[in-house]
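Have a look at data_29.cif; it's mmCIF, C-alpha atoms:
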```
data_entry
#
loop_
_atom_site.label_atom_id
_atom_site.label_comp_id
_atom_site.auth_asym_id
_atom_site.auth_seq_id
_atom_site.Cartn_x
_atom_site.Cartn_y
_atom_site.Cartn_z
CA MET A 1 -134.51 185.12 89.55
CA LYS A 2 -131.41 185.14 87.35
CA THR A 3 -131.50 181.33 87.03
CA PHE A 4 -135.18 181.46 86.07
CA LEU A 5 -134.39 184.11 83.44
CA SER A 6 -131.59 181.96 81.99
CA ILE A 7 -133.90 178.94 81.71
CA PHE A 8 -136.57 181.12 80.13
CA LEU A 9 -134.08 182.39 77.54
CA ILE A 10 -132.97 178.83 76.72
CA PHE A 11 -136.46 177.62 76.02
CA SER A 12 -137.27 180.79 74.07
CA VAL A 13 -134.39 179.96 71.73
CA LEU A 14 -135.62 176.37 71.49
CA LEU A 15 -139.01 177.55 70.32
CA LEU A 16 -137.32 179.55 67.57
CA ASN A 17 -134.99 176.72 66.61
CA SER A 18 -136.54 173.26 66.76
CA GLN A 19 -133.17 171.70 65.82
CA ALA A 20 -131.47 172.91 69.00
CA THR A 21 -130.34 170.39 71.62
CA VAL A 22 -130.13 171.16 75.33
CA VAL A 23 -127.72 169.30 77.62
CA THR A 24 -126.80 169.58 81.28
CA ALA A 25 -123.27 170.42 82.35
CA GLY A 26 -121.74 167.70 84.50
CA LYS A 27 -118.86 167.66 86.93
CA GLY A 28 -115.62 168.70 85.25
CA ASP A 29 -117.33 169.84 82.04
CA GLY A 30 -116.04 172.80 80.12
CA ILE A 31 -117.25 174.12 76.77
CA PHE A 32 -114.79 171.94 74.85
CA SER A 33 -115.70 168.70 76.62
CA LEU A 34 -119.43 169.45 76.42
CA LEU A 35 -119.22 170.00 72.66
CA ARG A 36 -117.05 166.91 72.12
CA LYS A 37 -119.55 164.70 73.92
CA GLN A 38 -122.22 165.92 71.49
CA GLY A 39 -120.00 165.06 68.51
CA LEU A 40 -119.12 168.66 67.60
CA ASP A 41 -115.72 170.10 66.71
CA PRO A 42 -115.12 172.40 69.73
CA VAL A 43 -112.86 174.77 67.81
CA LYS A 44 -115.39 175.21 65.02
CA TYR A 45 -118.45 175.66 67.24
CA TYR A 46 -116.97 177.37 70.31
CA SER A 47 -118.01 180.92 69.34
CA GLU A 48 -121.52 179.86 68.35
CA PHE A 49 -121.93 178.03 71.67
CA VAL A 50 -120.84 181.15 73.60
CA ASN A 51 -123.27 183.34 71.65
CA LEU A 52 -126.16 180.96 72.29
CA ASN A 53 -125.40 180.71 76.00
CA LYS A 54 -123.81 184.08 76.80
CA ASP A 55 -126.34 184.84 79.57
CA ASN A 56 -125.70 181.48 81.21
CA LEU A 57 -121.90 181.51 81.47
CA LYS A 58 -119.62 182.45 84.34
CA ASN A 59 -116.89 184.95 83.43
CA GLY A 60 -117.98 184.68 79.80
CA SER A 61 -116.65 181.13 79.22
CA GLU A 62 -117.23 178.91 82.27
CA LEU A 63 -120.14 176.51 82.74
CA TYR A 64 -122.32 176.22 85.82
CA LEU A 65 -122.58 172.68 87.17
CA GLY A 66 -126.08 171.29 86.68
CA ARG A 67 -127.32 174.03 84.36
CA SER A 68 -128.75 173.46 80.90
CA TYR A 69 -126.95 174.68 77.79
CA ILE A 70 -127.93 174.99 74.14
CA ILE A 71 -125.82 172.99 71.68
CA PRO A 72 -125.47 174.55 68.21
CA ASP A 73 -127.23 172.77 65.36
CA ALA A 74 -124.31 171.14 63.55
CA PRO A 75 -124.93 169.15 60.35
CA ASP A 76 -121.42 167.75 60.64
CA SER A 77 -121.86 166.49 64.19
CA PHE A 78 -120.50 162.96 64.58
CA LYS A 79 -123.91 162.01 65.97
CA LYS A 80 -125.35 162.75 62.54
CA MET A 81 -122.36 161.71 60.44
CA ALA A 82 -122.18 158.14 61.77
CA VAL A 83 -125.56 156.50 62.31
CA GLN A 84 -126.98 153.02 62.57
CA LEU A 85 -130.08 152.23 60.52
CA GLU A 86 -132.73 150.14 62.26
CA THR A 87 -134.23 147.60 59.88
CA ARG A 88 -137.72 147.52 61.35
CA SER A 89 -138.28 151.27 61.76
CA ASP A 90 -135.72 152.69 59.29
CA SER A 91 -134.76 155.14 62.03
CA GLU A 92 -131.27 156.64 62.30
CA ASN A 93 -129.51 156.46 65.66
CA ALA A 94 -126.05 157.68 66.61
CA ILE A 95 -123.53 154.82 66.59
CA PHE A 96 -121.36 156.24 69.37
CA THR A 97 -122.21 157.21 72.93
CA GLU A 98 -121.29 160.56 74.49
CA LYS A 99 -118.48 158.85 76.39
CA GLU A 100 -117.06 157.48 73.13
CA LEU A 101 -117.50 160.78 71.28
CA ALA A 102 -115.57 162.61 73.99
CA LEU A 103 -112.45 160.72 72.84
CA VAL A 104 -112.90 161.40 69.10
CA SER A 105 -111.46 164.33 67.18
CA SER A 106 -111.76 165.37 63.56
CA LYS A 107 -108.64 164.55 61.52
CA SER A 108 -109.41 166.03 58.11
CA GLU A 109 -112.12 166.78 55.54
CA ARG A 110 -110.61 164.47 52.93
CA LEU A 111 -113.88 162.52 52.71
CA LYS A 112 -116.28 165.45 53.15
CA ASN A 113 -118.27 164.45 50.04
CA ALA A 114 -118.21 160.71 50.71
CA VAL A 115 -121.10 158.52 51.84
CA ILE A 116 -120.20 154.99 52.95
CA TYR A 117 -122.70 152.22 53.68
CA LEU A 118 -121.40 149.46 55.95
CA LEU A 119 -123.20 146.11 55.95
CA SER A 120 -122.58 143.07 58.08
CA GLY A 121 -122.91 139.78 56.27
CA GLU A 122 -124.75 136.69 57.50
CA ASN A 123 -121.58 134.60 57.50
CA SER A 124 -120.52 136.54 60.58
CA ILE A 125 -123.55 135.61 62.66
CA GLY A 126 -122.17 132.91 64.93
CA SER A 127 -121.11 132.94 68.55
CA ASP A 128 -121.72 135.93 70.81
CA HIS A 129 -117.96 136.47 70.86
CA LEU A 130 -117.72 136.61 67.08
CA ARG A 131 -120.64 139.02 66.83
CA ALA A 132 -118.98 141.25 69.44
CA VAL A 133 -115.73 141.26 67.44
CA GLU A 134 -117.64 142.10 64.27
CA LYS A 135 -119.36 145.01 66.04
CA GLN A 136 -115.97 146.33 67.13
CA VAL A 137 -114.61 146.08 63.58
CA MET A 138 -117.61 147.83 62.03
CA GLU A 139 -117.64 150.62 64.61
CA ARG A 140 -113.88 151.10 64.36
CA LEU A 141 -114.19 151.40 60.59
CA ALA A 142 -117.10 153.84 60.93
CA SER A 143 -115.07 155.96 63.35
CA GLN A 144 -111.99 156.04 61.11
CA LEU A 145 -114.09 157.11 58.12
CA MET A 146 -116.16 159.77 59.90
CA VAL A 147 -113.15 161.60 61.40
CA HIS A 148 -112.11 162.32 57.81
CA GLY A 149 -115.52 163.83 57.04
CA ALA A 150 -117.42 160.85 55.60
CA ARG A 151 -121.07 160.23 56.32
CA VAL A 152 -121.39 156.60 57.44
CA TYR A 153 -124.49 154.44 57.56
CA LEU A 154 -124.22 151.16 59.47
CA LEU A 155 -126.83 148.58 58.43
CA GLU A 156 -126.79 145.60 60.74
CA ASN A 157 -127.97 142.17 59.68
CA ASP A 158 -130.88 141.04 61.84
CA SER A 159 -131.46 137.68 60.14
CA ILE A 160 -131.59 136.07 63.58
CA LEU A 161 -134.88 137.86 64.19
CA ALA A 162 -136.08 136.94 60.71
CA GLY A 163 -135.59 133.24 61.40
CA SER A 164 -132.60 132.54 59.17
CA LYS A 165 -130.27 129.67 59.95
CA ILE A 166 -127.51 130.80 62.28
CA PRO A 167 -124.13 129.42 61.24
CA ASP A 168 -121.79 128.24 63.95
CA GLU A 169 -118.45 129.98 64.39
CA ASP A 170 -116.67 126.77 63.37
CA GLU A 171 -118.95 125.99 60.43
CA VAL A 172 -117.19 125.51 57.10
CA PHE A 173 -116.95 128.82 55.27
CA ASN A 174 -119.39 129.01 52.36
CA LEU A 175 -118.81 131.71 49.77
CA GLU A 176 -122.25 131.16 48.28
CA ARG A 177 -124.21 131.72 51.48
CA PRO A 178 -126.48 134.78 51.10
CA ILE A 179 -125.72 137.97 53.00
CA GLY A 180 -129.26 137.93 54.36
CA ASN A 181 -132.76 136.69 53.60
CA HIS A 182 -135.10 138.24 51.02
CA GLU A 183 -136.68 140.65 53.49
CA GLN A 184 -133.24 141.80 54.61
CA MET A 185 -132.03 142.27 51.03
CA GLN A 186 -135.06 144.35 50.10
CA TYR A 187 -134.49 146.57 53.12
CA TYR A 188 -130.84 147.04 52.17
CA VAL A 189 -131.83 148.03 48.62
CA ASP A 190 -134.51 150.49 49.73
CA ALA A 191 -132.50 152.05 52.55
CA ILE A 192 -129.34 152.52 50.48
CA ASN A 193 -131.03 153.78 47.32
CA GLN A 194 -133.19 156.27 49.21
CA ARG A 195 -130.13 157.79 50.83
CA TYR A 196 -128.19 157.63 47.59
CA LEU A 197 -130.80 159.93 46.02
CA ARG A 198 -130.49 162.34 48.96
CA ASN A 199 -126.76 162.74 48.30
CA PRO A 200 -126.49 163.50 44.56
CA GLY A 201 -123.03 164.00 43.12
CA LYS A 202 -121.22 162.50 46.10
CA TYR A 203 -118.78 159.60 46.27
CA GLN A 204 -120.87 156.66 47.51
CA ARG A 205 -119.73 153.10 48.20
CA VAL A 206 -121.17 149.99 49.87
CA LEU A 207 -118.80 147.83 51.93
CA VAL A 208 -120.01 144.42 53.12
CA MET A 209 -117.99 142.90 55.95
CA ASN A 210 -118.15 139.16 56.68
CA LEU A 211 -116.31 137.77 59.69
CA ASN A 212 -115.89 134.02 59.80
CA LYS A 213 -112.88 134.32 62.04
CA SER A 214 -112.26 136.14 65.29
CA LEU A 215 -109.46 138.71 64.97
CA THR A 216 -106.81 138.85 67.66
CA ASN A 217 -103.35 140.32 67.89
CA SER A 218 -101.64 137.06 66.98
CA THR A 219 -104.10 135.10 64.85
CA ASN A 220 -103.52 134.53 61.13
CA PHE A 221 -106.54 135.11 58.97
CA GLY A 222 -107.47 135.23 55.32
CA VAL A 223 -109.09 138.15 53.53
CA SER A 224 -111.15 137.65 50.37
CA ILE A 225 -112.21 140.66 48.32
CA PHE A 226 -115.17 140.43 45.96
CA HIS A 227 -116.84 142.69 43.42
CA HIS A 228 -119.36 142.15 40.65
CA GLY A 229 -117.99 142.07 37.12
CA ASN A 230 -120.55 144.55 35.79
CA SER A 231 -119.33 147.35 38.07
CA LEU A 232 -116.19 149.08 36.81
CA GLU A 233 -116.03 151.24 39.95
CA GLY A 234 -116.43 148.18 42.15
CA GLU A 235 -113.70 146.36 40.25
CA ARG A 236 -111.37 149.33 40.52
CA PHE A 237 -111.94 149.62 44.25
CA ALA A 238 -111.47 145.87 44.87
CA ASN A 239 -108.29 145.70 42.78
CA SER A 240 -106.85 148.75 44.49
CA LEU A 241 -107.73 147.37 47.92
CA GLN A 242 -105.98 144.13 47.02
CA ALA A 243 -102.93 146.13 45.94
CA ILE A 244 -102.78 147.88 49.32
CA PHE A 245 -102.91 144.53 51.13
CA ASN A 246 -100.23 143.29 48.77
CA GLN A 247 -97.81 145.97 49.95
CA SER A 248 -97.44 144.26 53.32
CA HIS A 249 -99.13 140.85 52.99
CA LYS A 250 -98.77 137.97 50.58
CA VAL A 251 -101.71 137.79 48.17
CA VAL A 252 -102.32 134.32 46.81
CA GLN A 253 -105.20 134.92 44.43
CA GLN A 254 -108.37 137.01 44.16
CA GLU A 255 -111.70 135.45 43.29
CA ASN A 256 -114.72 137.61 42.46
CA THR A 257 -117.54 135.36 41.31
CA ALA A 258 -118.45 132.63 43.82
CA VAL A 259 -120.18 134.92 46.30
CA PHE A 260 -122.56 136.12 43.57
CA LYS A 261 -123.76 132.65 42.61
CA ASN A 262 -126.44 133.03 45.24
CA ASP A 263 -129.57 134.72 43.85
CA LEU A 264 -130.09 136.85 46.97
CA ASN A 265 -126.56 138.27 46.87
CA LEU A 266 -126.99 138.93 43.16
CA PHE A 267 -130.32 140.69 43.86
CA LEU A 268 -128.56 143.08 46.24
CA VAL A 269 -125.68 143.82 43.88
CA LYS A 270 -127.91 144.41 40.86
CA ASN A 271 -130.42 146.64 42.64
CA VAL A 272 -128.40 148.98 44.84
CA VAL A 273 -127.06 151.98 42.96
CA PRO A 274 -123.62 152.49 44.60
CA PRO A 275 -120.81 150.02 43.81
CA ILE A 276 -120.45 147.15 46.29
CA THR A 277 -117.26 145.60 47.60
CA MET A 278 -117.42 142.52 49.82
CA ILE A 279 -114.61 141.79 52.26
CA THR A 280 -114.59 138.41 53.99
CA VAL A 281 -112.28 137.47 56.86
CA HIS A 282 -111.89 133.72 57.33
CA GLU A 283 -109.58 130.93 58.42
CA THR A 284 -106.43 130.60 56.34
CA GLU A 285 -106.31 126.81 56.68
CA GLY A 286 -108.20 124.60 54.29
CA TYR A 287 -109.16 127.09 51.60
CA GLY A 288 -106.47 126.47 49.02
CA LYS A 289 -105.97 129.49 46.77
CA ARG A 290 -109.28 131.16 47.40
CA GLY A 291 -108.38 134.84 47.34
CA ARG A 292 -106.35 134.45 50.50
CA ILE A 293 -104.20 137.05 52.18
CA SER A 294 -102.26 135.53 55.07
CA SER A 295 -101.15 137.84 57.82
CA SER A 296 -100.86 138.21 61.56
CA ALA A 297 -102.74 141.51 61.49
CA ASN A 298 -105.60 142.30 63.85
CA LYS A 299 -108.84 144.23 63.50
CA LYS A 300 -107.02 147.55 63.89
CA VAL A 301 -104.77 146.84 60.92
CA LEU A 302 -107.70 145.53 58.88
CA THR A 303 -109.79 148.67 59.37
CA GLU A 304 -106.82 150.98 58.81
CA ILE A 305 -106.11 149.31 55.45
CA ILE A 306 -109.73 149.65 54.35
CA THR A 307 -109.84 153.29 55.46
CA SER A 308 -106.61 154.02 53.58
CA GLU A 309 -108.10 152.56 50.42
CA VAL A 310 -111.29 154.63 50.69
CA LEU A 311 -109.16 157.76 51.08
CA LYS A 312 -107.00 156.79 48.11
CA ASP A 313 -109.91 155.83 45.85
CA TYR A 314 -111.79 159.04 46.72
CA ALA A 315 -108.74 161.23 46.08
CA GLU A 316 -107.93 159.58 42.74
CA LEU A 317 -111.52 159.84 41.54
CA SER A 318 -111.64 163.53 42.52
CA LEU A 319 -108.44 164.22 40.55
CA GLU A 320 -109.85 162.47 37.48
CA GLU A 321 -113.02 164.56 37.61
CA ASN A 322 -111.14 167.88 37.90
#
```
When written as structure tokens, how does the structure in this file appear?
Amino acid sequence: MKTFLSIFLIFSVLLLNSQATVVTAGKGDGIFSLLRKQGLDPVKYYSEFVNLNKDNLKNGSELYLGRSYIIPDAPDSFKKMAVQLETRSDSENAIFTEKELALVSSKSERLKNAVIYLLSGENSIGSDHLRAVEKQVMERLASQLMVHGARVYLLENDSILAGSKIPDEDEVFNLERPIGNHEQMQYYVDAINQRYLRNPGKYQRVLVMNLNKSLTNSTNFGVSIFHHGNSLEGERFANSLQAIFNQSHKVVQQENTAVFKNDLNLFLVKNVVPPITMITVHETEGYGKRGRISSSANKKVLTEIITSEVLKDYAELSLEEN
């Protein structure tokens, strides 16, 4: 009878709050682990969870194995703060699984008013291995940004489905190759601008990541940083990012124009509202002085440098506005 009453109370609350989520406690789950797996800060939402489930807890704080529990509606849940946008449906889906979220903790709110759009470029569509590495890089970057309070949108390039030519992993790097086809570009523009308008007054940036080279712990690679000349914010971000790389890696030269010779790339840059920075990882051999940064860094170092620059750029801009 008591179990039936608890279930009845849970669904009564759900009727009153359509945003509520109900999950089942598994083996070894406590309140902290249950909240972490749903992307919530357990310290911040512990009391609210207890209040919502007070009639369904043992000794006031212990979960019953197999019972259902109400998760507080949290706008800053990692499930909502880091999402992947589906091109065909424009739906938003959590990037990280419950197992992955259980290992993530909030680090700060230094980017609490930042919105970052992450795009994968067509140059990176090659072997299955290279696509898997790119996915790891993009998700690692999304994770590092969201734990500092940023809202992250991951827009994946699905040009394979759209019938675009798929470059081989060993194909000669081409700066002028478009990021996607026309349909893909239009989707990027619409998806980004719609969300830009939903977040007025916030720091918003678009980062395009192209991988033409697999990143390992011991492989040298080049990094080229591009921005469009008409965007002062984009130029500032690109120059500052180059300066951060320069602190620990030799910078040969930065080139900012070749990638925009393609009409499709130019269409994207001119039509999305937030500033765009393009970061391309490629072979160091055979490219002369084409914006190359030689290093033995891996994907962890690469994403940490980019995250550091977003934090720095956001902080400096906030100081200038105050």
Could you tell me which residues the PyMOL selection byres ((chain A and resi 194-197) around 10) returns for this structure, as a ChimeraX atom specification?
/A:115-117,153,188-193,198-205,272-274
Residues from last step as file, C-alpha atoms, as a PDB file, in the coordinates of the input:
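Below is the file out.pdb, written as the result:
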```pdb
ATOM      1  CA  VAL A 115    -121.100 158.520  51.840  1.00  0.00           C
ATOM      2  CA  ILE A 116    -120.200 154.990  52.950  1.00  0.00           C
ATOM      3  CA  TYR A 117    -122.700 152.220  53.680  1.00  0.00           C
ATOM      4  CA  TYR A 153    -124.490 154.440  57.560  1.00  0.00           C
ATOM      5  CA  TYR A 188    -130.840 147.040  52.170  1.00  0.00           C
ATOM      6  CA  VAL A 189    -131.830 148.030  48.620  1.00  0.00           C
ATOM      7  CA  ASP A 190    -134.510 150.490  49.730  1.00  0.00           C
ATOM      8  CA  ALA A 191    -132.500 152.050  52.550  1.00  0.00           C
ATOM      9  CA  ILE A 192    -129.340 152.520  50.480  1.00  0.00           C
ATOM     10  CA  ASN A 193    -131.030 153.780  47.320  1.00  0.00           C
ATOM     11  CA  ARG A 198    -130.490 162.340  48.960  1.00  0.00           C
ATOM     12  CA  ASN A 199    -126.760 162.740  48.300  1.00  0.00           C
ATOM     13  CA  PRO A 200    -126.490 163.500  44.560  1.00  0.00           C
ATOM     14  CA  GLY A 201    -123.030 164.000  43.120  1.00  0.00           C
ATOM     15  CA  LYS A 202    -121.220 162.500  46.100  1.00  0.00           C
ATOM     16  CA  TYR A 203    -118.780 159.600  46.270  1.00  0.00           C
ATOM     17  CA  GLN A 204    -120.870 156.660  47.510  1.00  0.00           C
ATOM     18  CA  ARG A 205    -119.730 153.100  48.200  1.00  0.00           C
ATOM     19  CA  VAL A 272    -128.400 148.980  44.840  1.00  0.00           C
ATOM     20  CA  VAL A 273    -127.060 151.980  42.960  1.00  0.00           C
ATOM     21  CA  PRO A 274    -123.620 152.490  44.600  1.00  0.00           C
TER      22      PRO A 274
END
```
8 Å contact set for Asn56 (chain A), all atoms listed in the file, chain neighbours under 3 positions out, as number ranges by chain
A: 6, 53, 63-64, 69
For the provided coordinates, the residues matched by the PyMOL selection byres ((chain A and resi 98-108) around 6) should be stated as an MDAnalysis selection string.
chainID A and resid 36:37 39 96:97 109:110 147:148
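In this comparison, which uses only C-alpha atoms, the residue of A:Lys79, A:Arg131, A:Lys270, A:Lys312 approaching Val152 (chain A) most closely is A:Lys79.
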Determine the residue membership of the PyMOL selection byres ((chain A and resi 18-34) around 6) for the file above and supply it as a list in words.
Leu14, Asn17, Leu35, Arg36, Lys37, Pro42, Leu65, Gly66, Arg67, Ser68, Tyr69, Ile70, Ile71 and Asp73 of chain A
Resulting file, chosen residues, C-alpha atoms, as a PDB file, in the coordinates of the input:
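Result went into selection.pdb, see below:
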```
ATOM      1  CA  LEU A  14    -135.620 176.370  71.490  1.00  0.00           C
ATOM      2  CA  ASN A  17    -134.990 176.720  66.610  1.00  0.00           C
ATOM      3  CA  LEU A  35    -119.220 170.000  72.660  1.00  0.00           C
ATOM      4  CA  ARG A  36    -117.050 166.910  72.120  1.00  0.00           C
ATOM      5  CA  LYS A  37    -119.550 164.700  73.920  1.00  0.00           C
ATOM      6  CA  PRO A  42    -115.120 172.400  69.730  1.00  0.00           C
ATOM      7  CA  LEU A  65    -122.580 172.680  87.170  1.00  0.00           C
ATOM      8  CA  GLY A  66    -126.080 171.290  86.680  1.00  0.00           C
ATOM      9  CA  ARG A  67    -127.320 174.030  84.360  1.00  0.00           C
ATOM     10  CA  SER A  68    -128.750 173.460  80.900  1.00  0.00           C
ATOM     11  CA  TYR A  69    -126.950 174.680  77.790  1.00  0.00           C
ATOM     12  CA  ILE A  70    -127.930 174.990  74.140  1.00  0.00           C
ATOM     13  CA  ILE A  71    -125.820 172.990  71.680  1.00  0.00           C
ATOM     14  CA  ASP A  73    -127.230 172.770  65.360  1.00  0.00           C
TER      15      ASP A  73
END
```
